[in-house]
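Next comes work27.cif, with mmCIF, C-alpha atoms.
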```
data_target
#
loop_
_atom_site.group_PDB
_atom_site.id
_atom_site.type_symbol
_atom_site.label_atom_id
_atom_site.label_comp_id
_atom_site.auth_asym_id
_atom_site.auth_seq_id
_atom_site.Cartn_x
_atom_site.Cartn_y
_atom_site.Cartn_z
ATOM 1 C CA MET J 230 -45.389 29.886 -0.974
ATOM 2 C CA GLY J 231 -45.820 32.939 -3.167
ATOM 3 C CA LEU J 232 -49.246 34.260 -4.092
ATOM 4 C CA ILE J 233 -48.681 33.646 -7.810
ATOM 5 C CA THR J 234 -47.176 30.216 -7.103
ATOM 6 C CA SER J 235 -50.187 29.264 -4.988
ATOM 7 C CA LEU J 236 -52.532 30.554 -7.712
ATOM 8 C CA LYS J 237 -50.587 28.493 -10.253
ATOM 9 C CA ALA J 238 -50.878 25.469 -7.964
ATOM 10 C CA ARG J 239 -54.652 26.048 -7.679
ATOM 11 C CA PHE J 240 -55.008 26.295 -11.475
ATOM 12 C CA ARG J 241 -52.877 23.190 -11.821
ATOM 13 C CA SER J 242 -55.163 21.240 -9.484
ATOM 14 C CA ILE J 243 -58.261 22.408 -11.440
ATOM 15 C CA PHE J 244 -56.473 21.484 -14.682
ATOM 16 C CA LYS J 245 -55.563 18.120 -13.195
ATOM 17 C CA TRP J 246 -59.188 17.536 -12.239
ATOM 18 C CA PHE J 247 -60.250 17.998 -15.881
ATOM 19 C CA PHE J 248 -57.294 16.173 -17.413
ATOM 20 C CA LYS J 249 -56.587 13.760 -14.621
ATOM 21 C CA LYS J 250 -53.522 11.654 -15.254
ATOM 22 C CA ASP J 251 -54.215 7.991 -14.796
ATOM 23 C CA LYS J 252 -51.008 7.712 -12.770
ATOM 24 C CA MET J 253 -48.474 9.940 -11.050
ATOM 25 C CA ARG J 254 -44.703 9.656 -11.245
ATOM 26 C CA ILE J 255 -43.394 9.901 -7.707
ATOM 27 C CA GLY J 256 -39.657 10.266 -7.064
ATOM 28 C CA ILE J 257 -38.076 9.157 -3.802
ATOM 29 C CA TYR J 258 -35.306 11.613 -2.984
ATOM 30 C CA GLY J 259 -32.887 12.318 -0.178
ATOM 31 C CA PRO J 260 -29.265 12.264 0.946
ATOM 32 C CA PRO J 261 -27.341 8.941 0.933
ATOM 33 C CA ASN J 262 -28.340 6.438 3.655
ATOM 34 C CA ALA J 263 -31.643 8.146 4.532
ATOM 35 C CA GLY J 264 -33.543 4.916 3.724
ATOM 36 C CA LYS J 265 -34.897 5.687 0.237
ATOM 37 C CA THR J 266 -34.620 2.130 -1.089
ATOM 38 C CA THR J 267 -35.932 0.726 2.210
ATOM 39 C CA LEU J 268 -39.010 2.939 1.758
ATOM 40 C CA ALA J 269 -39.404 2.006 -1.935
ATOM 41 C CA ASN J 270 -39.143 -1.672 -0.991
ATOM 42 C CA ARG J 271 -41.652 -1.227 1.857
ATOM 43 C CA ILE J 272 -44.209 0.379 -0.522
ATOM 44 C CA LEU J 273 -43.659 -2.307 -3.163
ATOM 45 C CA ARG J 274 -43.743 -5.175 -0.659
ATOM 46 C CA ASP J 275 -47.012 -3.848 0.782
ATOM 47 C CA TRP J 276 -48.748 -3.344 -2.581
ATOM 48 C CA THR J 277 -47.069 -5.642 -5.107
ATOM 49 C CA GLY J 278 -45.240 -8.224 -2.975
ATOM 50 C CA ASP J 279 -42.010 -7.305 -4.760
ATOM 51 C CA VAL J 280 -38.862 -5.186 -4.095
ATOM 52 C CA ILE J 281 -37.028 -2.566 -6.176
ATOM 53 C CA GLY J 282 -33.397 -2.804 -5.044
ATOM 54 C CA SER J 283 -30.925 -3.888 -2.401
ATOM 55 C CA GLU J 284 -30.627 -2.018 0.893
ATOM 56 C CA SER J 285 -27.246 -1.429 2.492
ATOM 57 C CA GLU J 286 -25.532 0.519 5.274
ATOM 58 C CA ILE J 287 -22.805 1.453 2.761
ATOM 59 C CA PRO J 288 -23.625 4.878 1.297
ATOM 60 C CA HIS J 289 -24.484 5.144 -2.421
ATOM 61 C CA GLU J 290 -25.798 1.584 -2.689
ATOM 62 C CA THR J 291 -28.319 2.842 -5.284
ATOM 63 C CA ARG J 292 -26.286 4.365 -8.108
ATOM 64 C CA ARG J 293 -28.877 4.201 -10.880
ATOM 65 C CA ALA J 294 -32.439 5.474 -10.643
ATOM 66 C CA LYS J 295 -34.877 2.554 -10.589
ATOM 67 C CA LEU J 296 -38.402 2.791 -11.953
ATOM 68 C CA ARG J 297 -41.349 0.635 -11.030
ATOM 69 C CA GLU J 298 -44.538 1.364 -12.936
ATOM 70 C CA GLY J 299 -48.193 1.022 -12.013
ATOM 71 C CA VAL J 300 -48.101 0.535 -8.232
ATOM 72 C CA LYS J 301 -51.699 0.610 -6.921
ATOM 73 C CA ILE J 302 -52.199 1.929 -3.397
ATOM 74 C CA GLU J 303 -55.675 1.554 -1.924
ATOM 75 C CA VAL J 304 -56.726 3.818 0.934
ATOM 76 C CA ASP J 305 -60.278 4.165 2.289
ATOM 77 C CA GLY J 306 -61.798 2.705 -0.863
ATOM 78 C CA LYS J 307 -59.822 5.020 -3.191
ATOM 79 C CA THR J 308 -57.040 3.814 -5.474
ATOM 80 C CA LEU J 309 -53.886 5.804 -6.188
ATOM 81 C CA THR J 310 -51.798 4.476 -9.073
ATOM 82 C CA ILE J 311 -48.184 5.633 -9.114
ATOM 83 C CA ASP J 312 -44.891 4.986 -10.827
ATOM 84 C CA ILE J 313 -42.124 4.901 -8.226
ATOM 85 C CA ILE J 314 -38.631 6.169 -9.030
ATOM 86 C CA ASP J 315 -36.048 5.259 -6.402
ATOM 87 C CA THR J 316 -33.223 7.764 -6.980
ATOM 88 C CA PRO J 317 -29.558 7.658 -5.919
ATOM 89 C CA GLY J 318 -28.679 9.779 -2.859
ATOM 90 C CA ILE J 319 -27.758 13.393 -3.597
ATOM 91 C CA ALA J 320 -24.437 14.645 -2.205
ATOM 92 C CA THR J 321 -22.039 17.537 -2.826
ATOM 93 C CA LYS J 322 -18.951 15.381 -2.283
ATOM 94 C CA ILE J 323 -18.002 11.769 -2.963
ATOM 95 C CA ASP J 324 -14.670 10.604 -1.627
ATOM 96 C CA PHE J 325 -13.652 7.042 -2.494
ATOM 97 C CA HIS J 326 -11.686 6.854 0.800
ATOM 98 C CA ASP J 327 -15.058 6.713 2.604
ATOM 99 C CA PHE J 328 -15.778 3.325 0.976
ATOM 100 C CA LEU J 329 -12.432 1.793 1.944
ATOM 101 C CA LYS J 330 -13.557 1.445 5.565
ATOM 102 C CA TYR J 331 -16.228 -1.019 4.396
ATOM 103 C CA GLY J 332 -13.486 -3.403 3.271
ATOM 104 C CA MET J 333 -13.485 -2.522 -0.433
ATOM 105 C CA SER J 334 -10.343 -2.507 -2.527
ATOM 106 C CA GLU J 335 -9.166 0.882 -3.800
ATOM 107 C CA GLU J 336 -10.191 -0.044 -7.336
ATOM 108 C CA GLU J 337 -13.654 -1.114 -6.208
ATOM 109 C CA ALA J 338 -14.057 2.019 -4.055
ATOM 110 C CA LYS J 339 -13.065 4.292 -6.952
ATOM 111 C CA ARG J 340 -15.508 2.538 -9.284
ATOM 112 C CA ARG J 341 -18.300 2.915 -6.732
ATOM 113 C CA ALA J 342 -17.416 6.600 -6.270
ATOM 114 C CA LYS J 343 -17.501 7.200 -10.034
ATOM 115 C CA GLU J 344 -20.865 5.459 -10.381
ATOM 116 C CA ALA J 345 -22.146 7.457 -7.392
ATOM 117 C CA THR J 346 -21.240 10.775 -9.095
ATOM 118 C CA GLU J 347 -23.188 9.676 -12.185
ATOM 119 C CA GLY J 348 -26.088 8.646 -9.934
ATOM 120 C CA VAL J 349 -26.288 12.116 -8.358
ATOM 121 C CA ILE J 350 -26.545 13.710 -11.826
ATOM 122 C CA GLU J 351 -29.241 11.216 -12.825
ATOM 123 C CA ALA J 352 -31.252 11.961 -9.671
ATOM 124 C CA ILE J 353 -31.148 15.712 -10.383
ATOM 125 C CA LYS J 354 -32.173 15.179 -14.037
ATOM 126 C CA TRP J 355 -35.208 13.105 -12.961
ATOM 127 C CA LEU J 356 -36.625 16.149 -11.119
ATOM 128 C CA ASP J 357 -37.902 17.508 -14.449
ATOM 129 C CA ASP J 358 -40.001 14.415 -15.197
ATOM 130 C CA LEU J 359 -41.911 13.922 -11.956
ATOM 131 C CA ASP J 360 -45.380 14.728 -10.633
ATOM 132 C CA GLY J 361 -44.560 14.499 -6.926
ATOM 133 C CA ILE J 362 -41.731 13.861 -4.460
ATOM 134 C CA LEU J 363 -41.216 11.845 -1.306
ATOM 135 C CA LEU J 364 -38.172 13.421 0.349
ATOM 136 C CA VAL J 365 -36.648 10.995 2.844
ATOM 137 C CA MET J 366 -34.634 12.320 5.778
ATOM 138 C CA ASP J 367 -32.951 10.405 8.600
ATOM 139 C CA SER J 368 -34.665 11.519 11.858
ATOM 140 C CA THR J 369 -31.510 10.801 13.856
ATOM 141 C CA GLU J 370 -29.475 13.313 11.827
ATOM 142 C CA ASP J 371 -29.469 17.100 11.641
ATOM 143 C CA PRO J 372 -31.993 17.892 8.859
ATOM 144 C CA TYR J 373 -30.566 21.332 8.259
ATOM 145 C CA THR J 374 -28.085 20.227 5.590
ATOM 146 C CA GLN J 375 -27.349 21.964 2.327
ATOM 147 C CA VAL J 376 -28.450 18.916 0.332
ATOM 148 C CA ASN J 377 -31.894 18.928 2.009
ATOM 149 C CA VAL J 378 -32.230 22.716 1.593
ATOM 150 C CA THR J 379 -31.230 22.455 -2.094
ATOM 151 C CA ILE J 380 -33.652 19.597 -2.833
ATOM 152 C CA VAL J 381 -36.552 21.389 -1.090
ATOM 153 C CA GLY J 382 -35.709 24.636 -2.942
ATOM 154 C CA ASN J 383 -35.733 22.862 -6.313
ATOM 155 C CA ILE J 384 -39.030 21.089 -5.604
ATOM 156 C CA GLU J 385 -40.621 24.387 -4.526
ATOM 157 C CA ALA J 386 -39.249 26.155 -7.629
ATOM 158 C CA ARG J 387 -40.858 23.475 -9.835
ATOM 159 C CA GLY J 388 -44.140 23.663 -7.892
ATOM 160 C CA LEU J 389 -44.193 19.882 -7.298
ATOM 161 C CA PRO J 390 -46.236 18.391 -4.438
ATOM 162 C CA LEU J 391 -43.853 17.316 -1.670
ATOM 163 C CA LEU J 392 -44.093 15.026 1.337
ATOM 164 C CA ILE J 393 -41.160 14.944 3.734
ATOM 165 C CA ILE J 394 -40.608 11.528 5.295
ATOM 166 C CA ALA J 395 -38.966 11.606 8.735
ATOM 167 C CA ASN J 396 -37.549 8.081 8.570
ATOM 168 C CA LYS J 397 -35.907 5.816 11.173
ATOM 169 C CA ILE J 398 -38.264 6.745 14.052
ATOM 170 C CA ASP J 399 -37.589 3.285 15.502
ATOM 171 C CA LEU J 400 -34.120 4.469 16.565
ATOM 172 C CA PRO J 401 -33.763 5.875 20.118
ATOM 173 C CA ASN J 402 -32.295 9.266 19.162
ATOM 174 C CA ALA J 403 -34.800 9.973 16.367
ATOM 175 C CA SER J 404 -36.331 13.442 16.367
ATOM 176 C CA PRO J 405 -38.998 14.026 13.676
ATOM 177 C CA ALA J 406 -39.812 17.291 15.507
ATOM 178 C CA ARG J 407 -36.410 18.651 14.451
ATOM 179 C CA ILE J 408 -37.344 18.018 10.786
ATOM 180 C CA LYS J 409 -40.746 19.687 11.251
ATOM 181 C CA ALA J 410 -39.022 22.716 12.797
ATOM 182 C CA ALA J 411 -36.522 22.948 9.914
ATOM 183 C CA PHE J 412 -39.183 22.737 7.163
ATOM 184 C CA PRO J 413 -42.362 24.158 8.743
ATOM 185 C CA GLN J 414 -43.931 24.953 5.348
ATOM 186 C CA HIS J 415 -44.194 21.249 4.386
ATOM 187 C CA VAL J 416 -46.076 18.170 5.573
ATOM 188 C CA VAL J 417 -43.759 15.848 7.517
ATOM 189 C CA VAL J 418 -44.734 12.175 8.073
ATOM 190 C CA PRO J 419 -42.687 10.324 10.720
ATOM 191 C CA ILE J 420 -42.208 6.629 9.840
ATOM 192 C CA SER J 421 -39.874 3.688 10.118
ATOM 193 C CA ALA J 422 -39.647 2.192 6.618
ATOM 194 C CA LEU J 423 -37.656 -0.721 8.055
ATOM 195 C CA LYS J 424 -40.167 -1.656 10.774
ATOM 196 C CA GLY J 425 -43.283 -0.397 8.995
ATOM 197 C CA LEU J 426 -44.136 2.057 11.801
ATOM 198 C CA ASN J 427 -46.830 4.626 10.948
ATOM 199 C CA ILE J 428 -46.809 3.426 7.346
ATOM 200 C CA ASP J 429 -50.635 3.546 7.050
ATOM 201 C CA THR J 430 -50.522 7.262 7.847
ATOM 202 C CA LEU J 431 -47.997 7.665 5.041
ATOM 203 C CA TYR J 432 -50.288 5.924 2.516
ATOM 204 C CA ARG J 433 -53.251 8.039 3.636
ATOM 205 C CA THR J 434 -51.191 11.242 3.330
ATOM 206 C CA MET J 435 -49.880 10.161 -0.093
ATOM 207 C CA ALA J 436 -53.453 9.578 -1.290
ATOM 208 C CA GLU J 437 -54.432 13.081 -0.106
ATOM 209 C CA LYS J 438 -51.367 14.771 -1.559
ATOM 210 C CA PHE J 439 -50.925 12.919 -4.842
ATOM 211 C CA GLY J 440 -54.425 11.544 -5.456
ATOM 212 C CA MET V 33 4.424 37.435 0.114
ATOM 213 C CA ASP V 34 5.589 34.282 1.836
ATOM 214 C CA MET V 35 2.533 33.380 3.860
ATOM 215 C CA GLU V 36 0.763 30.056 4.131
ATOM 216 C CA GLY V 37 -2.983 30.061 4.288
ATOM 217 C CA VAL V 38 -6.297 29.684 2.533
ATOM 218 C CA GLN V 39 -7.461 32.254 0.024
ATOM 219 C CA LEU V 40 -10.939 33.655 0.555
ATOM 220 C CA SER V 41 -12.917 35.417 -2.167
ATOM 221 C CA LEU V 42 -15.881 37.464 -1.004
ATOM 222 C CA ILE V 43 -18.154 38.187 -3.953
ATOM 223 C CA SER V 44 -20.572 41.086 -3.585
ATOM 224 C CA LYS V 45 -24.264 40.972 -4.425
ATOM 225 C CA ASP V 46 -23.731 43.657 -7.116
ATOM 226 C CA ARG V 47 -21.072 41.562 -8.820
ATOM 227 C CA LEU V 48 -23.225 38.397 -8.643
ATOM 228 C CA GLU V 49 -26.190 40.212 -10.174
ATOM 229 C CA ARG V 50 -24.047 41.164 -13.177
ATOM 230 C CA MET V 51 -22.980 37.553 -13.794
ATOM 231 C CA SER V 52 -24.850 34.853 -15.705
ATOM 232 C CA SER V 53 -25.537 31.534 -13.936
ATOM 233 C CA MET V 54 -22.804 29.697 -15.847
ATOM 234 C CA GLU V 55 -20.289 32.489 -15.165
ATOM 235 C CA LYS V 56 -21.021 32.223 -11.444
ATOM 236 C CA LEU V 57 -20.799 28.420 -11.373
ATOM 237 C CA ARG V 58 -17.579 28.352 -13.427
ATOM 238 C CA MET V 59 -15.968 30.973 -11.209
ATOM 239 C CA ILE V 60 -16.976 29.059 -8.058
ATOM 240 C CA LEU V 61 -15.759 25.673 -9.287
ATOM 241 C CA ASP V 62 -12.482 27.000 -10.700
ATOM 242 C CA SER V 63 -11.714 28.763 -7.412
ATOM 243 C CA VAL V 64 -12.700 25.806 -5.225
ATOM 244 C CA LYS V 65 -10.671 23.379 -7.321
ATOM 245 C CA GLU V 66 -7.641 25.598 -6.675
ATOM 246 C CA GLY V 67 -8.278 25.166 -2.945
ATOM 247 C CA LYS V 68 -9.883 28.591 -2.440
ATOM 248 C CA ILE V 69 -13.002 29.409 -0.461
ATOM 249 C CA VAL V 70 -15.716 31.499 -2.045
ATOM 250 C CA VAL V 71 -18.265 33.512 -0.066
ATOM 251 C CA LEU V 72 -21.259 34.814 -2.025
ATOM 252 C CA GLU V 73 -23.092 37.751 -0.482
ATOM 253 C CA SER V 74 -26.423 36.829 -2.092
ATOM 254 C CA GLY V 75 -25.971 33.103 -2.689
ATOM 255 C CA LEU V 76 -27.397 31.061 -5.545
ATOM 256 C CA SER V 77 -30.913 30.153 -6.639
ATOM 257 C CA PRO V 78 -32.055 26.546 -5.950
ATOM 258 C CA GLU V 79 -31.695 25.769 -9.682
ATOM 259 C CA GLU V 80 -28.138 27.148 -9.676
ATOM 260 C CA GLU V 81 -27.332 25.101 -6.570
ATOM 261 C CA ALA V 82 -28.559 21.922 -8.312
ATOM 262 C CA LYS V 83 -26.518 22.814 -11.417
ATOM 263 C CA LEU V 84 -23.465 23.400 -9.199
ATOM 264 C CA ILE V 85 -23.878 19.901 -7.711
ATOM 265 C CA GLU V 86 -24.172 18.410 -11.232
ATOM 266 C CA LEU V 87 -21.027 20.217 -12.456
ATOM 267 C CA THR V 88 -19.174 19.210 -9.291
ATOM 268 C CA MET V 89 -20.050 15.541 -9.867
ATOM 269 C CA LEU V 90 -18.714 15.789 -13.430
ATOM 270 C CA GLU V 91 -15.416 17.236 -12.216
ATOM 271 C CA ILE V 92 -14.663 14.966 -9.252
ATOM 272 C CA ASP V 93 -11.447 13.185 -10.225
ATOM 273 C CA HIS V 94 -11.204 10.842 -7.171
ATOM 274 C CA ASP V 95 -7.702 12.167 -6.596
ATOM 275 C CA LYS V 96 -7.263 15.902 -5.999
ATOM 276 C CA PHE V 97 -10.902 17.001 -6.122
ATOM 277 C CA VAL V 98 -13.539 15.054 -4.174
ATOM 278 C CA GLY V 99 -16.307 17.625 -4.165
ATOM 279 C CA ILE V 100 -17.501 20.757 -2.465
ATOM 280 C CA GLU V 101 -18.860 21.821 0.880
ATOM 281 C CA VAL V 102 -21.660 24.367 0.558
ATOM 282 C CA GLU V 103 -23.211 26.170 3.486
ATOM 283 C CA SER V 104 -25.895 28.792 3.404
ATOM 284 C CA TYR V 105 -28.996 29.942 5.221
ATOM 285 C CA PRO V 106 -32.325 28.871 3.752
ATOM 286 C CA PRO V 107 -33.813 31.453 1.368
ATOM 287 C CA LYS V 108 -35.786 34.172 3.099
ATOM 288 C CA GLU V 109 -39.356 35.096 2.241
ATOM 289 C CA THR V 110 -39.776 38.698 1.186
ATOM 290 C CA PHE V 111 -42.730 40.699 -0.140
ATOM 291 C CA PHE V 112 -41.665 39.929 -3.732
ATOM 292 C CA SER V 113 -40.988 36.273 -3.015
ATOM 293 C CA LYS V 114 -44.478 36.010 -1.494
ATOM 294 C CA LEU V 115 -45.910 37.570 -4.641
ATOM 295 C CA PHE V 116 -43.850 35.733 -7.247
ATOM 296 C CA GLY V 117 -42.852 32.644 -5.293
ATOM 297 C CA LYS V 118 -39.176 33.197 -6.067
ATOM 298 C CA LYS V 119 -36.963 33.420 -3.006
ATOM 299 C CA THR V 120 -33.567 35.057 -3.203
ATOM 300 C CA GLY V 121 -30.449 33.295 -1.994
ATOM 301 C CA ARG V 122 -28.538 34.346 1.099
ATOM 302 C CA LEU V 123 -24.931 34.424 2.274
ATOM 303 C CA THR V 124 -23.265 31.225 1.048
ATOM 304 C CA LEU V 125 -19.863 29.704 1.681
ATOM 305 C CA ILE V 126 -18.430 27.198 -0.804
ATOM 306 C CA GLY V 127 -15.121 25.422 -0.394
ATOM 307 C CA PRO V 128 -13.284 22.220 -1.252
ATOM 308 C CA ALA V 129 -14.780 19.260 0.671
ATOM 309 C CA ASN V 130 -11.353 18.119 1.877
ATOM 310 C CA ARG V 131 -10.661 21.484 3.532
ATOM 311 C CA VAL V 132 -13.973 22.834 4.789
ATOM 312 C CA LYS V 133 -15.953 21.045 7.452
ATOM 313 C CA MET V 134 -19.265 22.317 8.752
ATOM 314 C CA LEU V 135 -19.375 22.168 12.547
ATOM 315 C CA SER V 136 -22.866 23.420 13.256
ATOM 316 C CA LYS V 137 -25.678 25.098 11.458
ATOM 317 C CA GLN V 138 -28.560 26.913 13.035
ATOM 318 C CA LYS V 139 -31.186 29.205 11.642
ATOM 319 C CA ASP V 140 -28.855 32.207 11.605
ATOM 320 C CA ILE V 141 -25.390 31.014 12.636
ATOM 321 C CA ILE V 142 -23.149 28.721 10.614
ATOM 322 C CA THR V 143 -19.881 27.543 12.146
ATOM 323 C CA ALA V 144 -17.307 25.931 9.884
ATOM 324 C CA MET V 145 -13.730 24.770 10.201
ATOM 325 C CA VAL V 146 -11.171 25.383 7.460
ATOM 326 C CA GLN V 147 -8.103 23.187 7.337
ATOM 327 C CA LEU V 148 -4.888 24.717 6.036
ATOM 328 C CA GLY V 149 -3.515 21.691 4.211
ATOM 329 C CA ASP V 150 -5.221 18.742 2.566
ATOM 330 C CA ARG V 151 -6.283 16.063 5.018
#
```
Rendering of file as structure tokens:
Amino acid sequence: MGLITSLKARFRSIFKWFFKKDKMRIGIYGPPNAGKTTLANRILRDWTGDVIGSESEIPHETRRAKLREGVKIEVDGKTLTIDIIDTPGIATKIDFHDFLKYGMSEEEAKRRAKEATEGVIEAIKWLDDLDGILLVMDSTEDPYTQVNVTIVGNIEARGLPLLIIANKIDLPNASPARIKAAFPQHVVVPISALKGLNIDTLYRTMAEKFG
Amino acid sequence: MDMEGVQLSLISKDRLERMSSMEKLRMILDSVKEGKIVVLESGLSPEEEAKLIELTMLEIDHDKFVGIEVESYPPKETFFSKLFGKKTGRLTLIGPANRVKMLSKQKDIITAMVQLGDR
């Protein structure tokens, strides 16, 4: 991080201390199928007993950003209150043919593809209204993709606090170390949102980073 | 000239520095939609990359144009980027998603495959 950027970040934290927001808006970002909604649901189930959206193996299941306000997370006696925004997966291409293999009709696949393109735009627009980001990556995949690099670059340019979530560590070929090596300048928390593995560490790290 | 192939445009850093963000993005998208591949010597800023994704999403027609493939190295930290926190972009390849397929990407080597016709 640049000297001026880090100074700005320091001033921002002092400013925040004086004018502390009563809650932070945290966006859950990532490429399609990284497990963003599974993570959002895990956080909500743990702290509100509710869910935010449906999870699916079909890419672009979330095509509209979903907001859940006032989620209280309690860690070591401290309470962090956040609004959670589960965003659609960001991609540089959306081909309706990819949905046909899941048994959809051409019409249905084209409609899903169109909604997915709108979802990507919505996710990018949300970046300007957030106080922090959870960037979800699939630990079984190569993290060095253009979408990940672009999202990280935009978060850094906006000076937003970022936590990278190395998700799906329950799978045999998961490698959170590969994600740490690709983004050494950021905190990486390995978890399985589906199985709840290491989720307490995530809450503790969120409280430190966003609290 | 009667030759089948893919047209490549290599845009120099000097040329990119003279162009506004919208000029760059329009030139890239127009070329890619015609099936061409664009190589930018100095790449795009993260904000320009996000804008390029937004414009691409608006122009996907679910028929001829299904999106783009973008490949570049992560921005490099320089003395000025350390001071001002603004990293400059690096060599970037952008092509139509149905023609360009990234094979592997490492810290300093990107290998991609370009198909001659549509898939």
_Since I can't run it myself right now, could you work out what the PyMOL selection byres ((chain J) within 8 of (chain V)) selects here and report it as a list in words?_
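Against this file, the PyMOL selection byres ((chain J) within 8 of (chain V)) returns the residues Met230, Gly231, Leu232, Ile233, Thr234, Ala320, Thr321, Lys322, Ile323, Asp324, Phe325, Lys339, Ala342, Lys343, Thr346, Glu347, Val349, Ile350, Ile353, Tyr373, Thr374, Gln375, Val378, Thr379, Ile380, Gly382, Asn383 and Ala386 of chain J.
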*asked:* I want to know what sits within 9 Å of Met366 of chain J, based on all atoms listed in the file, with residues of the same chain fewer than 3 positions away left out; could you give that as a list in words?
replied: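 The neighbour list is Tyr258, Gly259, Pro260, Asn262, Ala263, Gly264, Lys265, Thr369, Glu370, Pro372, Asn377, Ile393, Ile394, Ala395, Asn396, Lys397 and Ile408 of chain J.
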Those same residues, written as an mmCIF file, in the frame of the given file with C-alpha atoms?
```
data_model
loop_
_atom_site.group_PDB
_atom_site.id
_atom_site.type_symbol
_atom_site.label_atom_id
_atom_site.label_comp_id
_atom_site.auth_asym_id
_atom_site.auth_seq_id
_atom_site.Cartn_x
_atom_site.Cartn_y
_atom_site.Cartn_z
ATOM 1 C CA TYR J 258 -35.306 11.613 -2.984
ATOM 2 C CA GLY J 259 -32.887 12.318 -0.178
ATOM 3 C CA PRO J 260 -29.265 12.264 0.946
ATOM 4 C CA ASN J 262 -28.340 6.438 3.655
ATOM 5 C CA ALA J 263 -31.643 8.146 4.532
ATOM 6 C CA GLY J 264 -33.543 4.916 3.724
ATOM 7 C CA LYS J 265 -34.897 5.687 0.237
ATOM 8 C CA THR J 369 -31.510 10.801 13.856
ATOM 9 C CA GLU J 370 -29.475 13.313 11.827
ATOM 10 C CA PRO J 372 -31.993 17.892 8.859
ATOM 11 C CA ASN J 377 -31.894 18.928 2.009
ATOM 12 C CA ILE J 393 -41.160 14.944 3.734
ATOM 13 C CA ILE J 394 -40.608 11.528 5.295
ATOM 14 C CA ALA J 395 -38.966 11.606 8.735
ATOM 15 C CA ASN J 396 -37.549 8.081 8.570
ATOM 16 C CA LYS J 397 -35.907 5.816 11.173
ATOM 17 C CA ILE J 408 -37.344 18.018 10.786
#
```
*Atom pair atom CA of Pro419 of chain J / atom CA of Ile398 of chain J: separation (Å)*: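 Atom CA of Ile398 of chain J lies at a distance of 6.6 Å from atom CA of Pro419 of chain J.
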Exactly which residues make up the result of the PyMOL selection byres ((chain J and resi 287-291) around 9) on this file, given as a PDB file with C-alpha atoms, in the frame of the given file?
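In the end it all went to out-v9.pdb:
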```
ATOM      1  CA  PRO J 261     -27.341   8.941   0.933  1.00  0.00           C
ATOM      2  CA  ASN J 262     -28.340   6.438   3.655  1.00  0.00           C
ATOM      3  CA  THR J 266     -34.620   2.130  -1.089  1.00  0.00           C
ATOM      4  CA  GLY J 282     -33.397  -2.804  -5.044  1.00  0.00           C
ATOM      5  CA  SER J 283     -30.925  -3.888  -2.401  1.00  0.00           C
ATOM      6  CA  GLU J 284     -30.627  -2.018   0.893  1.00  0.00           C
ATOM      7  CA  SER J 285     -27.246  -1.429   2.492  1.00  0.00           C
ATOM      8  CA  GLU J 286     -25.532   0.519   5.274  1.00  0.00           C
ATOM      9  CA  ARG J 292     -26.286   4.365  -8.108  1.00  0.00           C
ATOM     10  CA  ARG J 293     -28.877   4.201 -10.880  1.00  0.00           C
ATOM     11  CA  ALA J 294     -32.439   5.474 -10.643  1.00  0.00           C
ATOM     12  CA  LYS J 295     -34.877   2.554 -10.589  1.00  0.00           C
ATOM     13  CA  ASP J 315     -36.048   5.259  -6.402  1.00  0.00           C
ATOM     14  CA  THR J 316     -33.223   7.764  -6.980  1.00  0.00           C
ATOM     15  CA  PRO J 317     -29.558   7.658  -5.919  1.00  0.00           C
ATOM     16  CA  GLY J 318     -28.679   9.779  -2.859  1.00  0.00           C
ATOM     17  CA  ILE J 319     -27.758  13.393  -3.597  1.00  0.00           C
ATOM     18  CA  ASP J 327     -15.058   6.713   2.604  1.00  0.00           C
ATOM     19  CA  PHE J 328     -15.778   3.325   0.976  1.00  0.00           C
ATOM     20  CA  TYR J 331     -16.228  -1.019   4.396  1.00  0.00           C
ATOM     21  CA  ARG J 341     -18.300   2.915  -6.732  1.00  0.00           C
ATOM     22  CA  ALA J 342     -17.416   6.600  -6.270  1.00  0.00           C
ATOM     23  CA  GLU J 344     -20.865   5.459 -10.381  1.00  0.00           C
ATOM     24  CA  ALA J 345     -22.146   7.457  -7.392  1.00  0.00           C
ATOM     25  CA  GLY J 348     -26.088   8.646  -9.934  1.00  0.00           C
TER      26      GLY J 348
END
```
*To verify the selection step, state as a ChimeraX atom specification which residues the PyMOL selection byres ((chain V and resi 65) around 9) yields on this input.*
/V:60-64,66-68,96-97,99-100,127-128
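With all atoms listed in the file as the atoms that count, the residue of V:Met54, V:Leu72, V:Glu49, V:Gly37 with the shortest distance to Ile126 of chain V is V:Leu72.
Of the listed residues (V:Leu76, V:Val38, V:Arg131, V:Val70), V:Leu76 comes nearest to Ser52 of chain V; the distances count all atoms listed in the file.
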*Name the closest residue to Thr310 of chain J among the candidates J:Ile420, J:Leu363, J:Leu400, J:Ile255; distances are taken between atoms, counting only C-alpha atoms.*
J:Ile255
Mind giving me the axis-aligned box for segment 320-328 of chain J with 8 Å on every side, centre plus edges in Å to one decimal, as JSON?
```
{"center_x": -18.1, "center_y": 10.4, "center_z": -0.2, "size_x": 28.8, "size_y": 30.2, "size_z": 21.6}
```
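With only C-alpha atoms as the atoms that count, the residue of V:Val132, V:Asp140, V:Thr124, V:Leu148 with the shortest distance to Ser44 of chain V is V:Thr124.
For the pair atom CA of Thr430 of chain J and atom CA of Val418 of chain J, the interatomic distance is 7.6 Å.
Between atom CA of Ala269 of chain J and atom CA of Ala406 of chain J there is a distance of 23.2 Å.
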